[in-house]
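> My structure is stored as work-v5.cif, with mmCIF, C-alpha atoms.
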```cif
data_data
loop_
_atom_site.label_atom_id
_atom_site.label_comp_id
_atom_site.auth_asym_id
_atom_site.auth_seq_id
_atom_site.Cartn_x
_atom_site.Cartn_y
_atom_site.Cartn_z
CA MET A 1 -1.29 28.85 -22.52
CA ALA A 2 -1.41 28.25 -26.29
CA SER A 3 -1.35 24.65 -27.39
CA ILE A 4 2.01 23.59 -28.84
CA ALA A 5 0.74 20.45 -30.56
CA GLY A 6 -2.39 19.18 -32.27
CA PRO A 7 -5.45 18.13 -30.23
CA GLU A 8 -4.60 14.41 -30.56
CA ILE A 9 -1.19 14.88 -28.98
CA GLU A 10 -2.59 17.23 -26.33
CA ARG A 11 -5.17 14.59 -25.42
CA LEU A 12 -2.45 11.93 -25.16
CA ILE A 13 -0.47 14.22 -22.84
CA GLN A 14 -3.54 14.96 -20.72
CA LEU A 15 -4.33 11.25 -20.32
CA LEU A 16 -0.73 10.34 -19.48
CA ALA A 17 -0.65 13.14 -16.89
CA ARG A 18 -3.42 11.35 -14.98
CA LEU A 19 -1.19 8.34 -14.31
CA PRO A 20 0.50 7.96 -10.93
CA GLY A 21 4.02 9.40 -10.88
CA LEU A 22 3.41 11.60 -13.91
CA GLY A 23 2.64 15.30 -13.94
CA PRO A 24 1.99 17.51 -16.99
CA ARG A 25 5.70 18.01 -17.64
CA SER A 26 6.71 14.34 -17.38
CA ALA A 27 3.60 13.35 -19.37
CA ARG A 28 4.77 15.63 -22.13
CA ARG A 29 8.18 13.93 -22.12
CA ALA A 30 6.59 10.47 -22.11
CA ALA A 31 4.31 11.42 -24.99
CA LEU A 32 7.24 12.75 -26.97
CA GLN A 33 9.19 9.55 -26.36
CA LEU A 34 6.22 7.42 -27.44
CA ILE A 35 5.80 9.42 -30.62
CA LYS A 36 9.50 9.26 -31.41
CA LYS A 37 9.43 5.45 -31.01
CA ARG A 38 6.19 5.04 -32.82
CA GLU A 39 6.78 1.56 -34.20
CA GLN A 40 8.73 0.05 -31.26
CA LEU A 41 6.71 1.60 -28.42
CA LEU A 42 3.56 3.54 -29.28
CA GLY A 43 2.00 0.87 -31.53
CA PRO A 44 2.65 -2.12 -29.23
CA LEU A 45 1.58 -0.11 -26.19
CA ALA A 46 -1.66 0.92 -27.86
CA ASP A 47 -2.31 -2.72 -28.82
CA ALA A 48 -1.51 -3.97 -25.31
CA MET A 49 -3.80 -1.36 -23.77
CA ARG A 50 -6.63 -2.20 -26.15
CA VAL A 51 -6.32 -5.91 -25.39
CA ALA A 52 -6.19 -5.21 -21.65
CA HIS A 53 -9.24 -2.98 -21.93
CA GLU A 54 -11.17 -5.70 -23.76
CA ARG A 55 -10.10 -8.70 -21.70
CA VAL A 56 -9.35 -7.67 -18.11
CA LEU A 57 -11.99 -8.85 -15.65
CA VAL A 58 -12.52 -8.74 -11.94
CA CYS A 59 -12.57 -12.28 -10.52
CA THR A 60 -16.01 -12.93 -9.07
CA ALA A 61 -14.50 -15.32 -6.52
CA CYS A 62 -11.69 -13.26 -5.00
CA GLY A 63 -11.81 -9.73 -6.48
CA ASN A 64 -8.41 -10.07 -8.19
CA ILE A 65 -7.98 -8.70 -11.71
CA ASP A 66 -7.09 -11.07 -14.53
CA THR A 67 -8.13 -11.98 -18.04
CA SER A 68 -10.09 -15.02 -16.88
CA ASP A 69 -12.86 -15.48 -14.35
CA PRO A 70 -12.17 -17.26 -11.97
CA CYS A 71 -8.64 -15.80 -12.05
CA THR A 72 -5.39 -17.73 -12.50
CA LEU A 73 -4.77 -17.80 -8.74
CA CYS A 74 -8.24 -19.17 -7.97
CA ASN A 75 -7.81 -21.83 -10.68
CA ASP A 76 -4.37 -22.89 -9.44
CA THR A 77 -4.93 -26.32 -7.86
CA ARG A 78 -1.44 -26.34 -6.28
CA ARG A 79 -2.46 -23.64 -3.86
CA ASP A 80 -3.56 -24.50 -0.35
CA GLU A 81 -7.32 -24.03 -0.48
CA THR A 82 -7.63 -24.20 3.30
CA LEU A 83 -5.64 -20.96 3.69
CA LEU A 84 -7.12 -17.60 2.63
CA VAL A 85 -5.20 -14.31 2.67
CA VAL A 86 -7.39 -11.21 2.88
CA VAL A 87 -5.88 -8.06 1.36
CA GLU A 88 -7.12 -4.52 0.87
CA ASP A 89 -6.21 -4.07 -2.75
CA VAL A 90 -4.90 -5.95 -5.80
CA ALA A 91 -1.57 -4.09 -5.34
CA ASP A 92 -1.21 -5.84 -1.94
CA LEU A 93 -1.96 -9.21 -3.54
CA TRP A 94 0.73 -8.57 -6.14
CA ALA A 95 3.19 -7.56 -3.38
CA LEU A 96 2.60 -10.86 -1.54
CA GLU A 97 2.90 -12.84 -4.76
CA ARG A 98 6.16 -11.06 -5.61
CA ALA A 99 7.49 -12.08 -2.21
CA GLY A 100 6.33 -15.67 -2.82
CA VAL A 101 5.95 -16.30 0.89
CA VAL A 102 2.51 -17.80 0.99
CA ASN A 103 0.98 -20.50 -1.18
CA ALA A 104 -2.62 -19.67 -0.47
CA ARG A 105 -5.73 -18.28 -2.08
CA TYR A 106 -6.60 -14.60 -1.79
CA HIS A 107 -9.54 -12.36 -1.17
CA VAL A 108 -9.46 -8.67 -2.15
CA LEU A 109 -11.68 -6.46 0.02
CA GLY A 110 -11.44 -3.44 -2.27
CA GLY A 111 -10.71 -0.95 0.52
CA THR A 112 -10.83 -0.48 4.27
CA LEU A 113 -13.48 0.91 6.58
CA SER A 114 -13.09 4.68 6.80
CA ALA A 115 -15.59 6.97 8.46
CA LEU A 116 -13.88 10.03 6.97
CA ASP A 117 -14.19 8.74 3.41
CA GLY A 118 -17.63 7.27 4.05
CA VAL A 119 -16.51 3.69 3.39
CA GLY A 120 -18.75 1.30 5.32
CA PRO A 121 -19.01 -2.51 5.42
CA SER A 122 -21.46 -2.53 2.50
CA ASP A 123 -18.77 -0.93 0.29
CA LEU A 124 -16.34 -3.81 0.84
CA ASN A 125 -16.27 -7.28 -0.73
CA LEU A 126 -17.36 -8.91 2.55
CA ASP A 127 -20.43 -10.89 1.49
CA ARG A 128 -18.34 -12.94 -0.93
CA LEU A 129 -15.71 -13.50 1.79
CA LEU A 130 -18.34 -14.88 4.16
CA ALA A 131 -19.77 -17.04 1.39
CA ARG A 132 -16.33 -18.53 0.70
CA VAL A 133 -15.76 -19.25 4.39
CA ALA A 134 -19.24 -20.75 4.69
CA GLU A 135 -18.35 -23.31 2.00
CA GLY A 136 -16.33 -25.00 4.75
CA ARG A 137 -12.98 -25.68 3.07
CA ILE A 138 -11.09 -22.73 4.60
CA ARG A 139 -9.32 -23.49 7.91
CA GLU A 140 -7.38 -20.23 8.38
CA VAL A 141 -7.85 -16.65 7.29
CA ILE A 142 -4.76 -14.39 7.32
CA LEU A 143 -5.68 -10.71 7.52
CA ALA A 144 -2.90 -9.01 5.55
CA LEU A 145 -4.19 -5.47 5.92
CA ASN A 146 -2.20 -2.29 6.37
CA ALA A 147 -0.84 -1.39 9.82
CA THR A 148 -2.93 1.77 9.89
CA VAL A 149 -5.88 2.64 12.11
CA ASP A 150 -8.28 2.08 9.18
CA GLY A 151 -6.58 -1.19 8.20
CA GLN A 152 -6.63 -2.59 11.70
CA THR A 153 -10.20 -1.43 12.37
CA THR A 154 -11.15 -3.42 9.28
CA SER A 155 -9.15 -6.40 10.59
CA HIS A 156 -11.10 -6.37 13.86
CA TYR A 157 -14.37 -5.97 11.99
CA VAL A 158 -13.63 -8.94 9.71
CA THR A 159 -12.51 -11.00 12.74
CA ASP A 160 -15.87 -10.29 14.41
CA LEU A 161 -17.70 -11.33 11.23
CA LEU A 162 -15.73 -14.59 11.03
CA ALA A 163 -16.14 -15.50 14.71
CA PRO A 164 -19.29 -17.63 14.21
CA TYR A 165 -17.50 -19.86 11.68
CA GLY A 166 -14.97 -21.14 14.22
CA ILE A 167 -11.94 -20.89 11.93
CA LYS A 168 -8.47 -19.67 12.80
CA VAL A 169 -8.01 -15.95 12.07
CA SER A 170 -4.50 -14.48 12.14
CA ARG A 171 -2.97 -11.16 11.12
CA LEU A 172 0.44 -9.97 10.03
CA ALA A 173 2.96 -9.09 12.75
CA HIS A 174 3.85 -5.43 13.36
CA GLY A 175 7.37 -4.39 14.22
CA VAL A 176 10.91 -3.74 13.06
CA PRO A 177 11.34 -4.03 9.27
CA VAL A 178 14.33 -5.93 7.89
CA GLY A 179 17.19 -3.44 7.58
CA GLY A 180 15.48 -1.10 10.05
CA GLU A 181 17.56 0.61 12.71
CA LEU A 182 15.88 1.03 16.08
CA ASP A 183 17.18 4.58 16.39
CA TYR A 184 15.14 5.64 13.35
CA LEU A 185 11.89 3.86 14.18
CA ASP A 186 8.87 5.70 15.52
CA GLU A 187 7.77 4.94 19.09
CA GLY A 188 4.57 3.25 17.96
CA THR A 189 6.40 0.68 15.85
CA LEU A 190 8.86 0.03 18.66
CA ALA A 191 5.99 -0.46 21.12
CA ALA A 192 4.33 -2.95 18.73
CA ALA A 193 7.65 -4.77 18.23
CA ILE A 194 8.20 -5.13 21.97
CA ARG A 195 4.63 -6.30 22.54
CA GLN A 196 4.85 -8.90 19.77
CA ARG A 197 8.39 -10.09 20.58
CA THR A 198 9.06 -13.79 20.00
CA LEU A 199 11.16 -16.33 21.84
CA PHE A 200 14.59 -17.24 20.42
CA MET B 1 -1.14 33.55 8.60
CA GLU B 2 0.81 31.23 10.86
CA TRP B 3 0.22 29.63 14.24
CA ARG B 4 1.46 26.67 16.25
CA ASP B 5 -0.75 24.45 18.40
CA ALA B 6 -1.04 21.03 19.98
CA GLY B 7 -3.19 18.66 17.96
CA ILE B 8 -4.76 15.20 18.01
CA VAL B 9 -5.11 13.54 14.61
CA LEU B 10 -8.72 12.72 13.71
CA GLY B 11 -8.30 11.48 10.17
CA LEU B 12 -6.66 12.00 6.82
CA ARG B 13 -7.56 11.78 3.18
CA ARG B 14 -5.28 11.33 0.19
CA HIS B 15 -4.55 14.49 -1.75
CA GLY B 16 -2.75 13.83 -5.00
CA GLU B 17 0.03 11.29 -4.99
CA ASN B 18 2.15 12.24 -2.02
CA ALA B 19 0.12 14.69 0.04
CA VAL B 20 -2.76 14.22 2.47
CA VAL B 21 -5.44 16.50 3.86
CA LEU B 22 -5.08 16.10 7.61
CA GLU B 23 -7.94 16.71 10.03
CA MET B 24 -6.99 17.48 13.61
CA MET B 25 -8.52 18.64 16.85
CA THR B 26 -6.30 21.42 18.11
CA ARG B 27 -6.25 22.89 21.59
CA ALA B 28 -6.84 26.56 20.68
CA HIS B 29 -8.06 26.46 17.07
CA GLY B 30 -10.66 23.69 17.23
CA ARG B 31 -11.17 21.13 14.50
CA HIS B 32 -8.91 22.20 11.69
CA LEU B 33 -7.83 20.85 8.32
CA GLY B 34 -4.74 21.44 6.21
CA VAL B 35 -2.51 19.80 3.65
CA VAL B 36 0.60 17.85 4.64
CA ARG B 37 3.04 17.75 1.75
CA ASN B 38 4.76 14.38 1.59
CA GLY B 39 2.19 13.06 4.06
CA ARG B 40 2.29 9.64 2.40
CA SER B 41 6.02 9.21 2.92
CA ARG B 42 7.36 6.35 5.05
CA THR B 43 8.40 8.75 7.78
CA MET B 44 5.13 10.67 7.94
CA GLN B 45 2.63 7.82 7.63
CA PRO B 46 3.17 6.49 11.18
CA VAL B 47 2.88 10.04 12.54
CA LEU B 48 -0.35 10.87 10.72
CA GLN B 49 -2.46 8.09 12.24
CA PRO B 50 -5.68 8.95 14.08
CA GLY B 51 -5.21 9.27 17.84
CA ASN B 52 -1.60 10.50 17.65
CA HIS B 53 -0.62 13.69 19.46
CA VAL B 54 1.42 16.10 17.38
CA ASP B 55 2.86 19.57 17.43
CA ALA B 56 1.41 21.40 14.45
CA LEU B 57 2.41 24.52 12.61
CA TRP B 58 -0.32 25.83 10.27
CA ARG B 59 0.50 28.25 7.48
CA ALA B 60 -1.58 29.89 4.79
CA ARG B 61 -1.54 33.13 2.85
CA LEU B 62 -5.08 33.97 3.92
CA GLU B 63 -7.02 32.71 6.93
CA GLU B 64 -9.80 31.22 4.80
CA HIS B 65 -7.36 29.06 2.83
CA LEU B 66 -7.04 25.36 3.53
CA GLY B 67 -3.41 25.95 4.52
CA GLU B 68 -0.49 23.66 5.06
CA TRP B 69 0.60 21.75 8.16
CA LYS B 70 4.13 21.16 9.38
CA ILE B 71 3.85 18.25 11.78
CA GLU B 72 6.17 17.05 14.54
CA PRO B 73 5.31 13.87 16.48
CA VAL B 74 4.73 14.23 20.23
CA ASP B 75 3.00 11.06 21.43
CA LEU B 76 2.36 8.30 18.88
CA ARG B 77 -0.48 6.45 20.57
CA ALA B 78 -2.11 4.96 17.48
CA ALA B 79 0.15 1.91 17.57
CA THR B 80 -1.04 1.04 21.08
CA TYR B 81 -4.64 0.91 19.82
CA MET B 82 -4.00 -1.57 17.01
CA HIS B 83 -4.51 -4.72 19.10
CA SER B 84 -7.74 -3.59 20.75
CA SER B 85 -11.09 -3.57 18.97
CA VAL B 86 -12.55 -1.41 21.76
CA ALA B 87 -9.81 1.18 21.21
CA LEU B 88 -10.11 1.22 17.41
CA TYR B 89 -13.89 1.36 17.28
CA GLY B 90 -13.79 3.92 20.10
CA LEU B 91 -11.30 6.03 18.18
CA ASN B 92 -13.52 5.98 15.09
CA HIS B 93 -16.52 6.96 17.19
CA LEU B 94 -14.58 9.78 18.88
CA ALA B 95 -13.50 11.15 15.50
CA GLN B 96 -17.06 11.02 14.18
CA LEU B 97 -18.39 12.77 17.27
CA THR B 98 -15.71 15.46 17.05
CA ARG B 99 -16.62 16.03 13.39
CA LEU B 100 -20.04 17.19 14.55
CA LEU B 101 -18.35 20.36 15.82
CA PRO B 102 -17.96 23.22 13.36
CA GLU B 103 -14.52 23.66 11.83
CA ARG B 104 -12.12 26.25 13.26
CA ASP B 105 -14.28 26.81 16.34
CA PRO B 106 -12.19 26.51 19.53
CA HIS B 107 -13.39 23.92 22.05
CA PRO B 108 -10.49 23.62 24.51
CA ALA B 109 -12.51 21.48 26.95
CA ILE B 110 -13.26 18.99 24.17
CA PHE B 111 -9.57 18.85 23.28
CA GLU B 112 -8.67 18.06 26.90
CA SER B 113 -11.40 15.39 27.09
CA LEU B 114 -10.13 13.84 23.88
CA ALA B 115 -6.61 13.68 25.33
CA VAL B 116 -7.83 12.01 28.55
CA ILE B 117 -9.95 9.44 26.68
CA GLY B 118 -7.01 8.71 24.38
CA GLU B 119 -4.92 7.72 27.39
CA ASN B 120 -7.57 5.21 28.55
CA LEU B 121 -8.97 3.92 25.28
CA THR B 122 -7.46 0.46 25.57
CA GLU B 123 -9.03 -0.06 29.03
CA ALA B 124 -12.65 -0.93 28.27
CA PRO B 125 -13.99 -0.34 31.85
CA LEU B 126 -12.55 3.19 31.80
CA ALA B 127 -13.15 3.99 28.13
CA ALA B 128 -16.90 3.27 28.28
CA PRO B 129 -17.91 5.91 30.88
CA LEU B 130 -15.44 8.39 29.39
CA LEU B 131 -17.03 7.99 25.94
CA ILE B 132 -20.51 8.53 27.42
CA ARG B 133 -19.28 11.70 29.11
CA TYR B 134 -17.72 12.77 25.81
CA GLU B 135 -21.06 12.31 24.02
CA LEU B 136 -22.69 14.49 26.69
CA ALA B 137 -19.91 17.07 26.29
CA ILE B 138 -20.44 17.16 22.50
CA LEU B 139 -24.17 17.65 23.06
CA ALA B 140 -23.39 20.50 25.46
CA GLU B 141 -20.95 22.15 23.04
CA LEU B 142 -23.61 22.00 20.33
CA GLY B 143 -26.07 23.71 22.67
CA PHE B 144 -28.08 20.67 23.75
CA GLY B 145 -26.50 19.95 27.12
CA LEU B 146 -28.39 17.88 29.67
CA ASP B 147 -28.83 19.26 33.18
CA LEU B 148 -28.04 16.38 35.49
CA SER B 149 -27.19 18.48 38.54
CA GLU B 150 -30.62 18.76 40.17
CA CYS B 151 -34.16 17.42 40.00
CA ALA B 152 -36.31 19.19 37.41
CA ALA B 153 -39.38 18.81 39.64
CA THR B 154 -38.13 19.46 43.18
CA GLY B 155 -34.77 21.20 42.68
CA GLY B 156 -33.20 18.65 45.04
CA GLN B 157 -29.82 17.10 44.46
CA GLU B 158 -30.36 13.79 46.22
CA GLU B 159 -31.25 10.43 44.62
CA LEU B 160 -31.21 11.61 41.02
CA VAL B 161 -32.01 8.39 39.16
CA TYR B 162 -34.02 9.41 36.09
CA VAL B 163 -33.73 11.80 33.13
CA SER B 164 -36.71 13.34 31.41
CA PRO B 165 -36.65 12.68 27.63
CA LYS B 166 -38.64 15.87 27.17
CA THR B 167 -36.41 18.35 29.01
CA GLY B 168 -33.09 16.51 29.30
CA ARG B 169 -33.05 17.26 33.02
CA ALA B 170 -32.50 14.91 35.91
CA VAL B 171 -35.43 13.73 38.01
CA SER B 172 -35.24 12.38 41.56
CA ARG B 173 -36.50 8.92 42.52
CA VAL B 174 -39.52 10.26 44.43
CA ALA B 175 -40.59 12.81 41.82
CA GLY B 176 -40.07 10.44 38.90
CA GLU B 177 -41.69 7.30 40.37
CA PRO B 178 -45.17 7.82 38.77
CA TRP B 179 -43.59 8.20 35.30
CA ARG B 180 -40.70 5.81 35.66
CA ASP B 181 -41.63 3.87 32.51
CA ARG B 182 -41.34 7.02 30.42
CA LEU B 183 -38.09 8.28 31.91
CA PHE B 184 -34.51 7.32 31.13
CA ARG B 185 -32.44 5.75 33.83
CA LEU B 186 -29.66 8.06 35.01
CA PRO B 187 -26.52 6.01 35.71
CA ALA B 188 -24.96 6.75 39.09
CA PHE B 189 -21.62 7.68 37.54
CA LEU B 190 -23.32 10.56 35.68
CA ALA B 191 -25.16 11.69 38.79
CA GLY B 192 -22.02 12.53 40.70
CA SER B 193 -21.51 9.14 42.33
CA LEU B 194 -17.98 8.32 43.39
CA VAL B 195 -18.19 4.89 41.76
CA SER B 196 -15.19 4.97 39.43
CA VAL B 197 -15.84 1.84 37.36
CA PRO B 198 -19.55 1.39 36.58
CA ASP B 199 -21.03 -2.02 35.77
CA TRP B 200 -22.39 -3.02 32.34
CA ALA B 201 -26.01 -2.13 33.21
CA GLU B 202 -24.91 1.40 34.06
CA ILE B 203 -22.91 1.66 30.85
CA GLU B 204 -25.88 0.48 28.77
CA ALA B 205 -28.14 2.99 30.50
CA GLY B 206 -25.64 5.75 29.76
CA PHE B 207 -25.43 4.88 26.06
CA ALA B 208 -29.23 4.62 25.81
CA LEU B 209 -29.52 8.11 27.29
CA THR B 210 -26.99 9.72 24.96
CA ALA B 211 -28.28 7.81 21.91
CA TYR B 212 -31.73 9.32 22.41
CA PHE B 213 -30.51 12.90 22.71
CA LEU B 214 -27.92 12.59 19.94
CA GLU B 215 -30.63 11.29 17.61
CA ARG B 216 -33.13 13.94 18.67
CA HIS B 217 -30.85 16.97 18.54
CA VAL B 218 -28.01 16.04 16.18
CA TYR B 219 -28.41 13.06 13.85
CA GLY B 220 -32.17 13.37 13.24
CA PRO B 221 -32.22 17.08 12.30
CA ARG B 222 -29.12 16.66 10.12
CA GLY B 223 -30.60 13.62 8.38
CA LEU B 224 -27.67 11.45 9.45
CA PRO B 225 -28.00 7.73 10.21
CA PRO B 226 -26.78 6.56 13.64
CA PRO B 227 -23.00 6.09 13.22
CA GLU B 228 -21.87 2.51 12.62
CA ALA B 229 -18.71 3.09 14.68
CA ARG B 230 -20.84 3.74 17.77
CA GLY B 231 -22.67 0.44 17.38
CA ALA B 232 -19.41 -1.42 16.79
CA PHE B 233 -17.82 0.22 19.84
CA ILE B 234 -20.75 -0.73 22.11
CA ALA B 235 -20.73 -4.29 20.75
CA ALA B 236 -16.97 -4.56 21.47
CA LEU B 237 -17.53 -3.19 24.98
CA ARG B 238 -20.32 -5.69 25.55
CA ARG B 239 -17.97 -8.55 24.68
CA ASP B 240 -15.42 -7.25 27.18
CA LEU B 241 -17.68 -6.05 29.99
CA SER B 242 -21.05 -7.75 29.89
CA PRO B 243 -21.31 -10.69 32.30
CA SER B 244 -23.70 -12.46 29.90
CA ALA B 245 -21.37 -12.18 26.87
#
```
Take the structure in the file and give it back as structure tokens.


Amino acid sequence: MASIAGPEIERLIQLLARLPGLGPRSARRAALQLIKKREQLLGPLADAMRVAHERVLVCTACGNIDTSDPCTLCNDTRRDETLLVVVEDVADLWALERAGVVNARYHVLGGTLSALDGVGPSDLNLDRLLARVAEGRIREVILALNATVDGQTTSHYVTDLLAPYGIKVSRLAHGVPVGGELDYLDEGTLAAAIRQRTLF
Amino acid sequence: MEWRDAGIVLGLRRHGENAVVLEMMTRAHGRHLGVVRNGRSRTMQPVLQPGNHVDALWRARLEEHLGEWKIEPVDLRAATYMHSSVALYGLNHLAQLTRLLPERDPHPAIFESLAVIGENLTEAPLAAPLLIRYELAILAELGFGLDLSECAATGGQEELVYVSPKTGRAVSRVAGEPWRDRLFRLPAFLAGSLVSVPDWAEIEAGFALTAYFLERHVYGPRGLPPPEARGAFIAALRRDLSPSA
């Protein structure tokens, strides 16, 4: 198909189309909107992206992304340093922080074990996790990994790795989500909910 | 092209934002892949977990195309495996073993074995011998089956206690005695014994036997390292079953 705009605009559209949630058509609309609001949107966005590109780092302690290393969460002295929450990805860390349910430190594994995708233990941020636990301040590790076969295989693997350190290892409960109706739940979730039922 | 079959989920890989490429072992069409549109939706994610039994409709314009699955849940077992390390490591090992089979090649006996093991995967004493039998079945399907029915030297069927690493055939106690140090031990449960739940020594002997022949005929020639899931599964079994653990 013949190009309908100059190469600079086409490149902008192509790059936007790579973002999650955007296809070629919606990228075209986004590009058009950015160009129309050049001063209010395109300029500030370009500046923000340049600054992010220059300053964003991966925290060498926990694997989080931030503009400082160690990251803001690792530097926060109000957090309980005896409690460590292990997550698969930074998106999971952000989800837990949004919920504000745990005042702990984090550790980002960077994935889960997956034979199909060829992800083995050496591909995960496990050495750093063991080093943090070996420092001796952590009393409990919460494995906040996805309730998938890969996520739970990784949970068991990490539990095995942590066994020699004699610390408490817990994982998130599986079961009925808030607002969930039993009639619409799959059998597996119901089975997990029954098995992990708690006393009133 | 369109067909419907029973399937057991082996694994899935992200495909774009919302779709997944789903790998399944089907009863009549062997190990088969296809795309599931919307496979990352909240309703489909619990269904598309390894170990689940599903009813699958495969469609494609041409047979050689990747094709598209329409999936209906039948038996969602994956959730029952989540609390057991033996079951999860075993499931990974089963999927890796099944991936040794060529795609789209029917292996109905392997499908049935997979279904039986899936039912017993959380029971370590039952899962261990079933996995060893599955490894032998995979070797047989790939053309490297062991003959454990009679003695390679005498043709007898009594007291089969060894396996020759050279021929992969059983050897009786009397015939194998002079070379016992060079032979593999044949666990009684593989030699037709009626013992239903073998002890840990028997299990270890079974895994040593299959490890040798898998390495010699499958992993070695393909340049593959021994699968990590197998080691993790055996370690988890040892914790559950070994008296010394």

> From the set B:Val9, B:Ala79, B:Cys151, B:Ala208, which residue has the shortest atom-to-atom contact distance to B:Val54, counting only C-alpha atoms?

B:Val9

> Mind checking which residues fall within 8 Å of A:Val85, counting all atoms listed in the file, ignoring those fewer than 3 positions away in the same chain, and posting them as a list in words?

Ala104, Arg105, Tyr106, His107, Val141, Ile142, Leu143 and Ala144 of chain A

> Give me, as a list in words, the contact residues of chain A against chain B at a cut-off of 8 Å, counting all atoms listed in the file.

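Filtering chain A at 8 Å from chain B with all atoms listed in the file gives Pro20, Gly21, Ala115, Leu116, Asp117, Ala147, Thr148, Val149, Gln152, Thr153, His156, Asp186, Glu187, Gly188, Thr189, Ala191 and Ala192 of chain A.
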
> List as a list in words the protein and nucleic acid residues near B:Ala19, meaning an atom at most 7 Å away when only C-alpha atoms are counted, but skip any in the same chain fewer than 5 places from it.

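Once the nearby chain positions are removed, what remains is Arg14, Val35, Val36, Arg37, Asn38, Gly39 and Arg40 of chain B.
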
> Tell me which of A:Arg98, A:Arg28, A:Arg55, A:Arg171 sits closest to A:Leu145, counting only C-alpha atoms.

A:Arg171

> What lies within 9 Å of B:Leu130 using all atoms listed in the file, ignoring chain neighbours under 2 positions off, as a short mmCIF file (atom, residue, chain, number, x, y, z; two decimals) with C-alpha atoms, in the frame of the given file?


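Result written to result-v2.cif:
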```
data_model
loop_
_atom_site.label_atom_id
_atom_site.label_comp_id
_atom_site.auth_asym_id
_atom_site.auth_seq_id
_atom_site.Cartn_x
_atom_site.Cartn_y
_atom_site.Cartn_z
CA SER B 113 -11.40 15.39 27.09
CA VAL B 116 -7.83 12.01 28.55
CA ILE B 117 -9.95 9.44 26.68
CA ASN B 120 -7.57 5.21 28.55
CA LEU B 121 -8.97 3.92 25.28
CA LEU B 126 -12.55 3.19 31.80
CA ALA B 127 -13.15 3.99 28.13
CA ALA B 128 -16.90 3.27 28.28
CA ILE B 132 -20.51 8.53 27.42
CA ARG B 133 -19.28 11.70 29.11
CA TYR B 134 -17.72 12.77 25.81
CA GLU B 135 -21.06 12.31 24.02
#
```
